[in-house]
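entry-v7.pdb follows (PDB, C-alpha atoms):
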ATOM      1  CA  MET A   8      -4.439 -37.226   0.507
ATOM      2  CA  ARG A   9      -5.907 -34.501  -1.669
ATOM      3  CA  GLU A  10      -5.906 -30.907  -0.583
ATOM      4  CA  HIS A  11      -9.441 -30.110   0.428
ATOM      5  CA  ILE A  12     -11.542 -27.669   2.352
ATOM      6  CA  ASP A  13     -14.029 -29.076   4.808
ATOM      7  CA  THR A  14     -17.002 -26.825   4.115
ATOM      8  CA  GLU A  15     -19.420 -28.493   6.505
ATOM      9  CA  PRO A  16     -20.183 -26.249   9.520
ATOM     10  CA  VAL A  17     -20.549 -29.340  11.727
ATOM     11  CA  SER A  18     -18.320 -32.368  11.187
ATOM     12  CA  PRO A  19     -19.760 -35.907  11.198
ATOM     13  CA  LEU A  20     -17.827 -36.625  14.380
ATOM     14  CA  ARG A  21     -19.643 -33.827  16.154
ATOM     15  CA  GLN A  22     -22.960 -35.287  15.050
ATOM     16  CA  GLY A  23     -22.297 -38.450  17.007
ATOM     17  CA  THR A  24     -21.756 -40.844  14.095
ATOM     18  CA  HIS A  25     -18.311 -41.953  15.260
ATOM     19  CA  ARG A  26     -17.336 -44.806  17.545
ATOM     20  CA  SER A  27     -16.628 -43.880  21.142
ATOM     21  CA  MET A  28     -13.025 -44.659  22.071
ATOM     22  CA  LYS A  29     -10.758 -44.693  25.100
ATOM     23  CA  LEU A  30      -8.197 -41.996  24.384
ATOM     24  CA  LEU A  31      -5.059 -40.978  26.246
ATOM     25  CA  VAL A  32      -4.244 -37.298  25.700
ATOM     26  CA  LEU A  33      -0.683 -36.082  26.296
ATOM     27  CA  GLY A  34       0.184 -32.410  26.624
ATOM     28  CA  ALA A  35      -3.403 -31.912  27.734
ATOM     29  CA  THR A  36      -2.780 -28.602  29.517
ATOM     30  CA  GLY A  37      -1.326 -26.871  26.452
ATOM     31  CA  GLY A  38      -3.349 -24.875  23.939
ATOM     32  CA  THR A  39      -3.955 -27.701  21.479
ATOM     33  CA  GLY A  40      -4.132 -30.325  24.211
ATOM     34  CA  LEU A  41      -6.944 -28.556  26.040
ATOM     35  CA  GLU A  42      -8.903 -28.374  22.783
ATOM     36  CA  ILE A  43      -8.315 -32.089  22.163
ATOM     37  CA  VAL A  44      -9.654 -32.906  25.636
ATOM     38  CA  ARG A  45     -12.700 -30.630  25.317
ATOM     39  CA  GLN A  46     -13.641 -31.870  21.863
ATOM     40  CA  ALA A  47     -13.026 -35.526  22.693
ATOM     41  CA  ILE A  48     -15.409 -35.217  25.637
ATOM     42  CA  GLU A  49     -18.011 -33.493  23.427
ATOM     43  CA  ARG A  50     -17.803 -36.408  21.002
ATOM     44  CA  GLY A  51     -18.414 -38.960  23.703
ATOM     45  CA  HIS A  52     -14.914 -40.378  23.994
ATOM     46  CA  SER A  53     -13.581 -41.635  27.307
ATOM     47  CA  VAL A  54     -10.573 -39.400  28.015
ATOM     48  CA  THR A  55      -7.555 -39.787  30.259
ATOM     49  CA  ALA A  56      -5.209 -36.806  30.469
ATOM     50  CA  PHE A  57      -1.648 -37.579  31.559
ATOM     51  CA  VAL A  58      -0.026 -34.307  32.602
ATOM     52  CA  ARG A  59       2.753 -32.788  34.622
ATOM     53  CA  SER A  60       0.542 -30.093  36.194
ATOM     54  CA  PRO A  61      -3.159 -30.964  36.456
ATOM     55  CA  GLU A  62      -4.361 -27.577  37.763
ATOM     56  CA  ARG A  63      -5.488 -26.300  34.331
ATOM     57  CA  LEU A  64      -7.822 -29.272  33.977
ATOM     58  CA  LYS A  65      -9.810 -28.555  37.144
ATOM     59  CA  PRO A  66     -12.822 -27.187  35.191
ATOM     60  CA  LEU A  67     -13.014 -30.546  33.360
ATOM     61  CA  ALA A  68     -12.148 -32.748  36.338
ATOM     62  CA  ASP A  69     -15.608 -34.317  36.562
ATOM     63  CA  ARG A  70     -15.587 -35.307  32.873
ATOM     64  CA  VAL A  71     -12.047 -36.570  32.362
ATOM     65  CA  THR A  72      -9.672 -38.895  34.213
ATOM     66  CA  VAL A  73      -6.555 -36.942  35.168
ATOM     67  CA  LYS A  74      -3.283 -38.736  35.883
ATOM     68  CA  GLN A  75      -0.223 -36.803  37.002
ATOM     69  CA  GLY A  76       3.247 -37.950  36.052
ATOM     70  CA  ASP A  77       6.381 -37.585  33.977
ATOM     71  CA  LEU A  78       5.812 -37.648  30.207
ATOM     72  CA  LEU A  79       9.526 -38.363  29.719
ATOM     73  CA  SER A  80       9.357 -41.606  31.718
ATOM     74  CA  SER A  81       8.656 -44.653  29.558
ATOM     75  CA  ALA A  82       7.711 -46.667  32.657
ATOM     76  CA  GLU A  83       5.093 -44.114  33.740
ATOM     77  CA  LEU A  84       3.794 -43.767  30.192
ATOM     78  CA  GLU A  85       3.481 -47.539  29.839
ATOM     79  CA  ARG A  86       1.353 -47.789  32.972
ATOM     80  CA  VAL A  87      -1.049 -45.055  31.885
ATOM     81  CA  ILE A  88      -1.327 -46.168  28.221
ATOM     82  CA  ILE A  89      -2.585 -49.666  29.109
ATOM     83  CA  GLY A  90      -6.353 -49.921  28.672
ATOM     84  CA  HIS A  91      -6.648 -47.203  26.016
ATOM     85  CA  GLU A  92      -7.151 -47.488  22.265
ATOM     86  CA  ALA A  93      -5.061 -44.566  21.010
ATOM     87  CA  VAL A  94      -2.699 -41.818  22.128
ATOM     88  CA  VAL A  95      -3.265 -38.228  20.972
ATOM     89  CA  SER A  96      -0.405 -35.823  21.701
ATOM     90  CA  GLY A  97      -0.340 -32.046  21.718
ATOM     91  CA  PHE A  98       2.786 -32.169  23.880
ATOM     92  CA  GLY A  99       5.455 -29.539  23.375
ATOM     93  CA  PRO A 100       7.847 -27.222  25.204
ATOM     94  CA  ARG A 101       6.703 -24.035  26.854
ATOM     95  CA  VAL A 102       7.526 -20.848  24.941
ATOM     96  CA  PRO A 103      10.070 -19.283  25.252
ATOM     97  CA  ILE A 104      11.957 -22.572  25.205
ATOM     98  CA  SER A 105      14.457 -22.938  28.035
ATOM     99  CA  LYS A 106      17.847 -24.618  27.667
ATOM    100  CA  ALA A 107      16.558 -27.493  29.794
ATOM    101  CA  ASP A 108      13.823 -28.117  27.195
ATOM    102  CA  ALA A 109      16.163 -27.959  24.174
ATOM    103  CA  ASN A 110      15.589 -31.598  23.184
ATOM    104  CA  LEU A 111      12.231 -32.060  24.878
ATOM    105  CA  LEU A 112      10.297 -33.365  21.852
ATOM    106  CA  GLN A 113      12.963 -35.915  20.990
ATOM    107  CA  ARG A 114      13.172 -37.146  24.572
ATOM    108  CA  PHE A 115       9.382 -37.391  24.713
ATOM    109  CA  ALA A 116       9.278 -39.391  21.478
ATOM    110  CA  VAL A 117      11.941 -41.797  22.738
ATOM    111  CA  ALA A 118      10.027 -42.357  25.985
ATOM    112  CA  LEU A 119       6.650 -42.840  24.272
ATOM    113  CA  THR A 120       7.909 -45.163  21.529
ATOM    114  CA  ALA A 121       9.717 -47.242  24.148
ATOM    115  CA  ALA A 122       6.528 -47.516  26.219
ATOM    116  CA  MET A 123       3.906 -48.312  23.578
ATOM    117  CA  PRO A 124       5.281 -51.678  22.342
ATOM    118  CA  HIS A 125       4.786 -53.032  25.883
ATOM    119  CA  THR A 126       1.065 -52.200  25.699
ATOM    120  CA  GLU A 127      -1.581 -53.265  23.183
ATOM    121  CA  VAL A 128      -1.838 -49.678  21.896
ATOM    122  CA  ARG A 129      -0.264 -48.898  18.515
ATOM    123  CA  ARG A 130      -2.186 -45.820  17.284
ATOM    124  CA  VAL A 131      -0.644 -42.431  18.006
ATOM    125  CA  ILE A 132      -1.403 -38.969  16.587
ATOM    126  CA  VAL A 133       1.319 -36.376  17.164
ATOM    127  CA  GLU A 134       1.385 -32.593  16.723
ATOM    128  CA  SER A 135       4.586 -31.284  15.134
ATOM    129  CA  VAL A 136       5.414 -28.052  13.234
ATOM    130  CA  ALA A 137       5.034 -26.860   9.625
ATOM    131  CA  PHE A 138       8.609 -25.526   9.712
ATOM    132  CA  LEU A 139       9.740 -28.983   8.578
ATOM    133  CA  PHE A 140       8.122 -28.647   5.135
ATOM    134  CA  LYS A 141      11.215 -27.919   3.014
ATOM    135  CA  ASP A 142       9.320 -27.498  -0.273
ATOM    136  CA  SER A 143       6.825 -24.924   0.998
ATOM    137  CA  ILE A 144       7.306 -21.678  -0.938
ATOM    138  CA  VAL A 145       4.328 -19.594   0.191
ATOM    139  CA  PRO A 146       4.945 -19.486   3.085
ATOM    140  CA  PRO A 147       8.677 -20.390   3.055
ATOM    141  CA  ALA A 148       8.134 -22.529   6.160
ATOM    142  CA  TYR A 149      11.509 -24.267   6.404
ATOM    143  CA  LEU A 150      13.464 -21.068   5.743
ATOM    144  CA  LEU A 151      11.532 -19.183   8.409
ATOM    145  CA  GLY A 152      12.010 -22.015  10.851
ATOM    146  CA  ARG A 153      15.753 -22.269  10.294
ATOM    147  CA  LEU A 154      16.141 -18.488  10.609
ATOM    148  CA  PHE A 155      13.992 -17.806  13.647
ATOM    149  CA  PHE A 156      13.368 -21.145  15.383
ATOM    150  CA  PRO A 157      16.370 -23.382  14.617
ATOM    151  CA  GLY A 158      16.138 -25.234  17.914
ATOM    152  CA  THR A 159      12.477 -26.060  17.341
ATOM    153  CA  VAL A 160      13.262 -27.319  13.827
ATOM    154  CA  ARG A 161      16.037 -29.600  15.092
ATOM    155  CA  ASP A 162      14.009 -30.954  17.987
ATOM    156  CA  ALA A 163      10.801 -31.527  16.003
ATOM    157  CA  SER A 164      12.765 -33.193  13.195
ATOM    158  CA  ALA A 165      14.444 -35.533  15.672
ATOM    159  CA  MET A 166      11.066 -36.327  17.258
ATOM    160  CA  GLU A 167       9.522 -37.206  13.900
ATOM    161  CA  GLN A 168      12.459 -39.457  13.051
ATOM    162  CA  VAL A 169      11.918 -41.414  16.246
ATOM    163  CA  PHE A 170       8.258 -42.013  15.392
ATOM    164  CA  ALA A 171       9.084 -42.848  11.768
ATOM    165  CA  GLU A 172      11.412 -45.624  12.927
ATOM    166  CA  SER A 173       9.143 -46.881  15.723
ATOM    167  CA  GLY A 174       6.956 -49.317  13.805
ATOM    168  CA  LEU A 175       3.880 -47.797  15.470
ATOM    169  CA  ASP A 176       0.706 -46.698  13.665
ATOM    170  CA  TRP A 177       1.580 -43.004  13.725
ATOM    171  CA  THR A 178       0.215 -39.885  12.060
ATOM    172  CA  ILE A 179       2.154 -36.618  12.329
ATOM    173  CA  VAL A 180       0.249 -33.339  11.985
ATOM    174  CA  ARG A 181       2.239 -30.225  11.029
ATOM    175  CA  PRO A 182       0.301 -26.965  11.544
ATOM    176  CA  PRO A 183       1.702 -23.476  10.817
ATOM    177  CA  GLN A 184       1.160 -20.591  13.271
ATOM    178  CA  LEU A 185      -1.431 -21.563  15.866
ATOM    179  CA  THR A 186      -4.185 -19.174  16.939
ATOM    180  CA  ASP A 187      -6.829 -19.182  19.669
ATOM    181  CA  LYS A 188      -9.676 -18.529  17.233
ATOM    182  CA  PRO A 189     -12.766 -20.734  17.614
ATOM    183  CA  TYR A 190     -13.482 -24.026  15.899
ATOM    184  CA  THR A 191     -14.671 -23.720  12.288
ATOM    185  CA  GLY A 192     -14.278 -27.231  10.835
ATOM    186  CA  LYS A 193     -13.158 -25.481   7.629
ATOM    187  CA  TYR A 194      -9.509 -26.185   6.939
ATOM    188  CA  ARG A 195      -7.232 -27.508   4.225
ATOM    189  CA  VAL A 196      -5.268 -30.744   4.487
ATOM    190  CA  ARG A 197      -2.465 -32.107   2.317
ATOM    191  CA  GLU A 198      -0.314 -35.181   2.648
ATOM    192  CA  SER A 199       3.425 -34.438   2.866
ATOM    193  CA  ARG A 200       2.915 -30.745   2.044
ATOM    194  CA  LEU A 201       1.698 -27.534   3.603
ATOM    195  CA  PRO A 202      -1.252 -26.194   1.570
ATOM    196  CA  SER A 203      -0.416 -23.014  -0.364
ATOM    197  CA  PHE A 204      -0.783 -19.808   1.666
ATOM    198  CA  GLY A 205      -1.027 -21.927   4.793
ATOM    199  CA  PHE A 206      -0.029 -19.290   7.303
ATOM    200  CA  LYS A 207      -2.285 -19.996  10.294
ATOM    201  CA  ILE A 208      -4.799 -22.378  11.847
ATOM    202  CA  SER A 209      -6.736 -22.375  15.102
ATOM    203  CA  ARG A 210      -5.797 -24.850  17.794
ATOM    204  CA  ALA A 211      -9.450 -25.888  17.859
ATOM    205  CA  ASP A 212      -9.340 -26.920  14.195
ATOM    206  CA  VAL A 213      -6.055 -28.787  14.689
ATOM    207  CA  ALA A 214      -7.685 -30.695  17.550
ATOM    208  CA  ASP A 215     -10.671 -31.475  15.325
ATOM    209  CA  PHE A 216      -8.444 -32.987  12.638
ATOM    210  CA  MET A 217      -6.348 -34.954  15.137
ATOM    211  CA  LEU A 218      -9.457 -36.556  16.613
ATOM    212  CA  LYS A 219     -10.780 -37.428  13.149
ATOM    213  CA  ALA A 220      -7.397 -38.974  12.339
ATOM    214  CA  VAL A 221      -7.609 -41.347  15.310
ATOM    215  CA  GLU A 222      -9.958 -43.655  13.410
ATOM    216  CA  ASN A 223      -8.729 -42.829   9.909
ATOM    217  CA  ARG A 224      -6.556 -45.804   9.000
ATOM    218  CA  SER A 225      -5.570 -44.170   5.685
ATOM    219  CA  SER A 226      -3.541 -41.547   7.585
ATOM    220  CA  ILE A 227      -1.275 -44.107   9.275
ATOM    221  CA  GLY A 228       2.369 -43.470   8.461
ATOM    222  CA  LYS A 229       1.510 -40.076   6.950
ATOM    223  CA  ILE A 230       2.832 -36.589   7.604
ATOM    224  CA  VAL A 231       0.015 -34.103   7.101
ATOM    225  CA  GLY A 232       0.027 -30.347   6.508
ATOM    226  CA  ILE A 233      -3.034 -28.513   7.785
ATOM    227  CA  CYS A 234      -4.118 -24.870   7.713
ATOM    228  CA  ASN A 235      -7.191 -22.608   7.491
TER     229      ASN A 235
END
Would you encode the structure as structure tokens?
Amino acid sequence: MREHIDTEPVSPLRQGTHRSMKLLVLGATGGTGLEIVRQAIERGHSVTAFVRSPERLKPLADRVTVKQGDLLSSAELERVIIGHEAVVSGFGPRVPISKADANLLQRFAVALTAAMPHTEVRRVIVESVAFLFKDSIVPPAYLLGRLFFPGTVRDASAMEQVFAESGLDWTIVRPPQLTDKPYTGKYRVRESRLPSFGFKISRADVADFMLKAVENRSSIGKIVGICN
């Protein structure tokens, strides 16, 4: 995948040229997850949000199906995945990360990859972290991660390994620092690398890319760096 900048102010997906899909969104009450839900609805997708605490989705309750449950239970995940076409995950631990959440991403990956083979759903898009890019020099992502967020690096790395060995049709998206700035549709993407000077990206733009990736078969089995 070539590094590129999407210079179009409105993406083709937002113009209604895409195929409507039945999407299951995990981590839907987090920053990226809420953006995924909002944008998926805007694009005409049928959205189910599977969450631990549904209160934050009340403003969207009439436009999305909300299911409450345990995202670390493969049995519960299996039941909710059936009938959908793809899983889009912005799931992650709350910050600051508690000791109880030390291996949360890995445990989540194990539960999800155990559940999906029992359904007809193979496509999954997962948000990870840019700290895992070892060859990124500007910024020195891996160094910064190991210095300041070693637990996150270990957990995210373990999560990615689980997906890599799952046999599913996965795409892993690694953004750098996330911001709450609005959607622009203008961001850089590189396969297996973080674009140079990739310091930040808005959660809205990450959500935009993740939704585009749902139907992009060329991104299956790819780890993608993305930044503004």
ask   = Of the candidates A:Gly232, A:Phe115, A:Glu83, A:Val133, which one gets nearest to Gln184 of chain A if we count all atoms listed in the file?
value = A:Gly232
request  = Record the distance separating atom CA of Ala163 of chain A and atom CA of Ile43 of chain A, expressed in Å with one decimal.
outcome  =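 These atoms are spaced 20.1 Å apart.
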inquiry  = Report, in Å with one decimal, the straight-line distance from atom CA of Gln75 of chain A to atom CA of Thr36 of chain A.
reply    =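 If I compute the distance from atom CA of Gln75 of chain A to atom CA of Thr36 of chain A, I get 11.4 Å.
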task = Have a look at A:Ala109, A:Ala220, A:Leu41, A:Val213 and name the one nearest to Lys193 of chain A; count all atoms listed in the file.
result =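 Ranking A:Ala109, A:Ala220, A:Leu41, A:Val213 by distance to Lys193 of chain A, first place goes to A:Val213.
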request  = Measure the distance from atom CA of Ile179 of chain A to atom CA of Leu139 of chain A in Å and round it to one decimal.
outcome  =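 According to the coordinates, atom CA of Ile179 of chain A and atom CA of Leu139 of chain A are separated by 11.4 Å.
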6 Å contact set for Arg210 of chain A, only C-alpha atoms, chain neighbours under 6 positions out, as a PDB file with C-alpha atoms, in the frame of the given file:
ATOM      1  CA  THR A  39      -3.955 -27.701  21.479  1.00  0.00           C
ATOM      2  CA  LEU A 185      -1.431 -21.563  15.866  1.00  0.00           C
ATOM      3  CA  THR A 186      -4.185 -19.174  16.939  1.00  0.00           C
TER       4      THR A 186
END
message = Under the PyMOL selection byres ((chain A and resi 230) around 7), which residues of this model are included? Write them out as a PyMOL selection string.
response = chain A and resi 178-180+198-199+228-229+231-232
